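Data block for coords01.txt (compact mmCIF, N, CA, C and O atoms):
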# COMPACT_ATOMS: atom_id res chain seq x y z
N MET A 1377 0.84 -1.18 0.00
CA MET A 1377 0.00 0.00 0.00
C MET A 1377 0.89 1.24 0.00
O MET A 1377 1.90 1.28 0.67
N LYS A 1378 0.44 2.24 -0.74
CA LYS A 1378 1.16 3.51 -0.81
C LYS A 1378 0.20 4.65 -0.53
O LYS A 1378 -0.93 4.65 -0.98
N GLU A 1379 0.68 5.62 0.20
CA GLU A 1379 -0.10 6.83 0.47
C GLU A 1379 -0.04 7.75 -0.75
O GLU A 1379 1.04 8.02 -1.27
N VAL A 1380 -1.21 8.26 -1.16
CA VAL A 1380 -1.25 9.18 -2.29
C VAL A 1380 -1.81 10.55 -1.93
O VAL A 1380 -1.68 11.49 -2.71
N LEU A 1381 -2.43 10.65 -0.75
CA LEU A 1381 -2.94 11.95 -0.31
C LEU A 1381 -3.10 11.95 1.20
O LEU A 1381 -3.50 10.94 1.79
N ARG A 1382 -2.81 13.10 1.81
CA ARG A 1382 -3.00 13.29 3.25
C ARG A 1382 -3.62 14.67 3.42
O ARG A 1382 -3.05 15.67 2.97
N THR A 1383 -4.81 14.73 4.04
CA THR A 1383 -5.52 16.00 4.17
C THR A 1383 -6.48 16.00 5.35
O THR A 1383 -6.90 14.93 5.79
N ASN A 1384 -6.82 17.18 5.82
CA ASN A 1384 -7.88 17.35 6.81
C ASN A 1384 -9.13 17.95 6.17
O ASN A 1384 -10.12 18.18 6.84
N ASP A 1385 -9.07 18.21 4.88
CA ASP A 1385 -10.17 18.85 4.15
C ASP A 1385 -11.16 17.78 3.67
O ASP A 1385 -10.83 17.01 2.77
N PRO A 1386 -12.38 17.73 4.25
CA PRO A 1386 -13.33 16.69 3.86
C PRO A 1386 -13.78 16.80 2.40
O PRO A 1386 -14.07 15.79 1.76
N VAL A 1387 -13.82 18.00 1.86
CA VAL A 1387 -14.21 18.18 0.46
C VAL A 1387 -13.12 17.62 -0.45
O VAL A 1387 -13.41 16.89 -1.41
N LYS A 1388 -11.88 17.95 -0.15
CA LYS A 1388 -10.75 17.44 -0.94
C LYS A 1388 -10.68 15.92 -0.86
O LYS A 1388 -10.42 15.24 -1.84
N LEU A 1389 -10.94 15.38 0.33
CA LEU A 1389 -10.92 13.94 0.53
C LEU A 1389 -11.97 13.26 -0.34
O LEU A 1389 -11.67 12.29 -1.05
N SER A 1390 -13.17 13.77 -0.32
CA SER A 1390 -14.26 13.21 -1.13
C SER A 1390 -13.95 13.33 -2.62
O SER A 1390 -14.18 12.39 -3.39
N TYR A 1391 -13.45 14.48 -3.04
CA TYR A 1391 -13.12 14.71 -4.45
C TYR A 1391 -12.02 13.75 -4.90
O TYR A 1391 -12.11 13.16 -5.98
N ALA A 1392 -11.01 13.58 -4.09
CA ALA A 1392 -9.91 12.66 -4.43
C ALA A 1392 -10.42 11.23 -4.59
O ALA A 1392 -10.04 10.53 -5.53
N GLN A 1393 -11.28 10.81 -3.67
CA GLN A 1393 -11.83 9.46 -3.76
C GLN A 1393 -12.62 9.30 -5.06
O GLN A 1393 -12.52 8.27 -5.74
N SER A 1394 -13.38 10.31 -5.41
CA SER A 1394 -14.18 10.27 -6.65
C SER A 1394 -13.28 10.19 -7.88
O SER A 1394 -13.54 9.40 -8.80
N LEU A 1395 -12.22 11.00 -7.90
CA LEU A 1395 -11.29 10.98 -9.04
C LEU A 1395 -10.66 9.60 -9.19
O LEU A 1395 -10.54 9.08 -10.32
N LEU A 1396 -10.25 9.01 -8.09
CA LEU A 1396 -9.61 7.70 -8.15
C LEU A 1396 -10.59 6.62 -8.60
O LEU A 1396 -10.26 5.78 -9.44
N ARG A 1397 -11.79 6.65 -8.07
CA ARG A 1397 -12.79 5.64 -8.47
C ARG A 1397 -13.15 5.77 -9.94
O ARG A 1397 -13.38 4.78 -10.62
N ASP A 1398 -13.20 7.01 -10.45
CA ASP A 1398 -13.47 7.22 -11.88
C ASP A 1398 -12.38 6.60 -12.75
O ASP A 1398 -12.63 6.23 -13.89
N ALA A 1399 -11.17 6.48 -12.19
CA ALA A 1399 -10.04 5.87 -12.91
C ALA A 1399 -9.92 4.39 -12.58
O ALA A 1399 -8.90 3.77 -12.88
N ASP A 1400 -10.94 3.80 -11.96
CA ASP A 1400 -10.94 2.39 -11.55
C ASP A 1400 -9.82 2.05 -10.58
O ASP A 1400 -9.23 0.98 -10.63
N ILE A 1401 -9.52 3.00 -9.70
CA ILE A 1401 -8.56 2.79 -8.62
C ILE A 1401 -9.34 2.86 -7.32
O ILE A 1401 -10.03 3.86 -7.06
N GLU A 1402 -9.25 1.81 -6.51
CA GLU A 1402 -10.00 1.78 -5.26
C GLU A 1402 -9.20 2.43 -4.13
O GLU A 1402 -8.17 1.91 -3.71
N PRO A 1403 -9.66 3.59 -3.64
CA PRO A 1403 -8.96 4.26 -2.54
C PRO A 1403 -9.31 3.61 -1.21
O PRO A 1403 -10.43 3.16 -0.98
N ILE A 1404 -8.34 3.55 -0.32
CA ILE A 1404 -8.54 3.06 1.04
C ILE A 1404 -8.26 4.24 1.96
O ILE A 1404 -7.16 4.81 1.94
N VAL A 1405 -9.25 4.62 2.75
CA VAL A 1405 -9.14 5.79 3.62
C VAL A 1405 -8.75 5.33 5.02
O VAL A 1405 -9.40 4.48 5.61
N LEU A 1406 -7.67 5.92 5.53
CA LEU A 1406 -7.18 5.61 6.86
C LEU A 1406 -7.20 6.86 7.74
O LEU A 1406 -7.04 7.98 7.23
N ASP A 1407 -7.38 6.67 9.01
CA ASP A 1407 -7.31 7.73 10.02
C ASP A 1407 -8.45 8.74 9.94
O ASP A 1407 -8.35 9.82 10.51
N GLN A 1408 -9.54 8.40 9.25
CA GLN A 1408 -10.63 9.35 9.13
C GLN A 1408 -11.24 9.66 10.49
O GLN A 1408 -11.53 10.81 10.80
N GLY A 1409 -11.41 8.66 11.32
CA GLY A 1409 -11.95 8.89 12.65
C GLY A 1409 -11.01 9.67 13.54
O GLY A 1409 -11.43 10.52 14.32
N MET A 1410 -9.72 9.40 13.42
CA MET A 1410 -8.74 10.09 14.25
C MET A 1410 -8.62 11.56 13.88
O MET A 1410 -8.47 12.41 14.73
N SER A 1411 -8.69 11.87 12.58
CA SER A 1411 -8.52 13.26 12.17
C SER A 1411 -9.72 14.10 12.55
O SER A 1411 -9.62 15.32 12.64
N SER A 1412 -10.88 13.48 12.77
CA SER A 1412 -12.06 14.25 13.15
C SER A 1412 -12.20 14.40 14.66
O SER A 1412 -13.08 15.11 15.13
N MET A 1413 -11.32 13.74 15.42
CA MET A 1413 -11.33 13.92 16.87
C MET A 1413 -11.07 15.38 17.21
O MET A 1413 -10.33 16.06 16.52
N TYR A 1414 -11.69 15.83 18.24
CA TYR A 1414 -11.53 17.22 18.68
C TYR A 1414 -11.94 18.21 17.60
O TYR A 1414 -11.35 19.27 17.44
N GLY A 1415 -12.94 17.82 16.80
CA GLY A 1415 -13.47 18.73 15.78
C GLY A 1415 -12.52 18.98 14.63
O GLY A 1415 -12.62 19.99 13.95
N GLY A 1416 -11.61 18.07 14.39
CA GLY A 1416 -10.65 18.25 13.30
C GLY A 1416 -9.58 19.27 13.63
O GLY A 1416 -8.87 19.73 12.76
N GLY A 1417 -9.48 19.62 14.90
CA GLY A 1417 -8.55 20.66 15.30
C GLY A 1417 -7.12 20.22 15.51
O GLY A 1417 -6.30 20.99 15.97
N LEU A 1418 -6.81 18.97 15.23
CA LEU A 1418 -5.44 18.49 15.38
C LEU A 1418 -4.81 18.34 13.99
O LEU A 1418 -4.97 17.33 13.33
N PRO A 1419 -4.09 19.36 13.53
CA PRO A 1419 -3.54 19.31 12.18
C PRO A 1419 -2.48 18.24 11.97
O PRO A 1419 -2.17 17.89 10.84
N VAL A 1420 -1.94 17.69 13.05
CA VAL A 1420 -0.91 16.67 12.89
C VAL A 1420 -1.48 15.30 12.54
O VAL A 1420 -0.77 14.43 12.08
N ILE A 1421 -2.78 15.12 12.76
CA ILE A 1421 -3.43 13.85 12.41
C ILE A 1421 -4.34 14.12 11.22
O ILE A 1421 -5.41 14.71 11.35
N ARG A 1422 -3.89 13.72 10.05
CA ARG A 1422 -4.67 13.95 8.85
C ARG A 1422 -5.13 12.62 8.26
O ARG A 1422 -4.48 11.60 8.43
N THR A 1423 -6.26 12.66 7.57
CA THR A 1423 -6.79 11.49 6.89
C THR A 1423 -5.90 11.17 5.71
O THR A 1423 -5.44 12.06 4.99
N ARG A 1424 -5.64 9.87 5.51
CA ARG A 1424 -4.77 9.43 4.41
C ARG A 1424 -5.57 8.59 3.42
O ARG A 1424 -6.44 7.82 3.81
N ILE A 1425 -5.24 8.74 2.16
CA ILE A 1425 -5.76 7.87 1.12
C ILE A 1425 -4.61 6.99 0.64
O ILE A 1425 -3.55 7.50 0.26
N MET A 1426 -4.85 5.70 0.70
CA MET A 1426 -3.87 4.72 0.27
C MET A 1426 -4.41 3.96 -0.95
O MET A 1426 -5.62 3.84 -1.11
N VAL A 1427 -3.51 3.47 -1.79
CA VAL A 1427 -3.87 2.62 -2.92
C VAL A 1427 -2.88 1.47 -2.97
O VAL A 1427 -1.80 1.54 -2.38
N ILE A 1428 -3.23 0.43 -3.73
CA ILE A 1428 -2.30 -0.68 -3.87
C ILE A 1428 -1.08 -0.21 -4.67
O ILE A 1428 -1.15 0.75 -5.44
N ASP A 1429 0.03 -0.86 -4.45
CA ASP A 1429 1.30 -0.46 -5.07
C ASP A 1429 1.20 -0.30 -6.58
O ASP A 1429 1.77 0.63 -7.15
N GLU A 1430 0.49 -1.20 -7.22
CA GLU A 1430 0.39 -1.18 -8.69
C GLU A 1430 -0.32 0.06 -9.21
O GLU A 1430 -0.11 0.47 -10.35
N ASP A 1431 -1.18 0.67 -8.39
CA ASP A 1431 -1.93 1.86 -8.81
C ASP A 1431 -1.32 3.16 -8.32
O ASP A 1431 -1.81 4.24 -8.65
N ALA A 1432 -0.25 3.09 -7.57
CA ALA A 1432 0.30 4.27 -6.91
C ALA A 1432 0.76 5.36 -7.89
O ALA A 1432 0.45 6.54 -7.68
N ALA A 1433 1.45 5.00 -8.93
CA ALA A 1433 1.96 6.01 -9.87
C ALA A 1433 0.81 6.73 -10.58
O ALA A 1433 0.80 7.96 -10.69
N GLU A 1434 -0.18 5.96 -11.03
CA GLU A 1434 -1.33 6.56 -11.71
C GLU A 1434 -2.12 7.43 -10.75
O GLU A 1434 -2.53 8.54 -11.09
N ALA A 1435 -2.33 6.95 -9.54
CA ALA A 1435 -3.07 7.71 -8.54
C ALA A 1435 -2.35 9.01 -8.19
O ALA A 1435 -2.99 10.07 -8.08
N ALA A 1436 -1.05 8.95 -8.04
CA ALA A 1436 -0.27 10.15 -7.72
C ALA A 1436 -0.39 11.17 -8.85
O ALA A 1436 -0.49 12.38 -8.60
N SER A 1437 -0.38 10.70 -10.07
CA SER A 1437 -0.53 11.58 -11.22
C SER A 1437 -1.91 12.24 -11.23
O SER A 1437 -2.02 13.45 -11.46
N ILE A 1438 -2.94 11.47 -10.95
CA ILE A 1438 -4.30 11.99 -10.92
C ILE A 1438 -4.46 13.04 -9.81
O ILE A 1438 -5.13 14.05 -10.00
N LEU A 1439 -3.83 12.81 -8.68
CA LEU A 1439 -4.01 13.68 -7.52
C LEU A 1439 -2.91 14.74 -7.38
O LEU A 1439 -2.86 15.45 -6.37
N ALA A 1440 -2.05 14.87 -8.36
CA ALA A 1440 -0.92 15.80 -8.27
C ALA A 1440 -1.37 17.23 -7.95
O ALA A 1440 -0.76 17.91 -7.12
N GLU A 1441 -2.43 17.69 -8.58
CA GLU A 1441 -2.90 19.05 -8.34
C GLU A 1441 -3.39 19.23 -6.90
O GLU A 1441 -3.14 20.25 -6.28
N LEU A 1442 -4.05 18.21 -6.36
CA LEU A 1442 -4.52 18.29 -4.98
C LEU A 1442 -3.35 18.28 -4.00
O LEU A 1442 -3.40 18.96 -2.97
N GLN A 1443 -2.30 17.55 -4.31
CA GLN A 1443 -1.12 17.48 -3.45
C GLN A 1443 -0.42 18.83 -3.36
O GLN A 1443 0.11 19.20 -2.32
N GLU A 1444 -0.41 19.59 -4.46
CA GLU A 1444 0.26 20.88 -4.46
C GLU A 1444 -0.37 21.83 -3.44
O GLU A 1444 0.31 22.61 -2.80
N ASP A 1445 -1.68 21.74 -3.27
CA ASP A 1445 -2.38 22.59 -2.32
C ASP A 1445 -2.05 22.25 -0.89
O ASP A 1445 -2.19 23.08 -0.01
N GLU A 1446 -1.62 21.02 -0.61
CA GLU A 1446 -1.32 20.58 0.75
C GLU A 1446 0.07 21.00 1.20
O GLU A 1446 0.38 20.96 2.37
N ALA A 1447 0.93 21.35 0.28
CA ALA A 1447 2.31 21.66 0.63
C ALA A 1447 2.44 22.95 1.41
O ALA A 1447 1.64 23.77 1.52
For this file, produce the structure as structure tokens.
Amino acid sequence: MKEVLRTNDPVKLSYAQSLLRDADIEPIVLDQGMSSMYGGGLPVIRTRIMVIDEDAAEAASILAELQEDEA
């Protein structure tokens, strides 16, 4: 598994999942419950989207624009 996105933005998270599914890549969301603890006020715990290794390069390419906003 490879991480392709890390964010606290629920809109960006949903959009990223939609983009990946449209490309027939199944996203796996981790830490969603942890990042929403304390009202999402802990910026160090962000929700992660993971994909299988074989889809990582394509997923990273699809989400490149979203990643730039997180930097």
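The two atoms in question, atom O of A:Gln1408 and atom N of A:Glu1379, are spaced 17.0 Å apart.
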(message) Using only C-alpha atoms, list the residues that have an atom at most 12 Å from (0.9, 7.2, -8.5), coordinates as in the file, as a PyMOL selection string.
(response) chain A and resi 1377-1381+1396+1399+1401+1403+1425-1440+1443
(message) As an exercise, work out the distance from atom C of A:Asp1407 to atom O of A:Leu1395 in Å and give it to one decimal place.
(response) 20.4 Å
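Across A:Tyr1391, A:Glu1441, A:Arg1424, A:Pro1386, the tightest approach to A:Ile1404 is made by A:Arg1424 when counting all atoms listed in the file.
Rounded to one decimal, atom O of A:Arg1382 and atom N of A:Val1405 lie 12.7 Å from each other.
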Mind giving me the axis-aligned box for stretch 1432-1439 of chain A with 5 Å on every side, centre plus edges in Å to one decimal, as AutoDock Vina command-line options?
--center_x -1.6 --center_y 9.3 --center_z -9.0 --size_x 17.1 --size_y 22.4 --size_z 15.3
(request) Can you work out which one of A:Glu1402, A:Arg1397, A:Asp1385, A:Ala1392 has the shortest atom-to-atom distance to A:Arg1422, counting only C-alpha atoms? (result) A:Asp1385
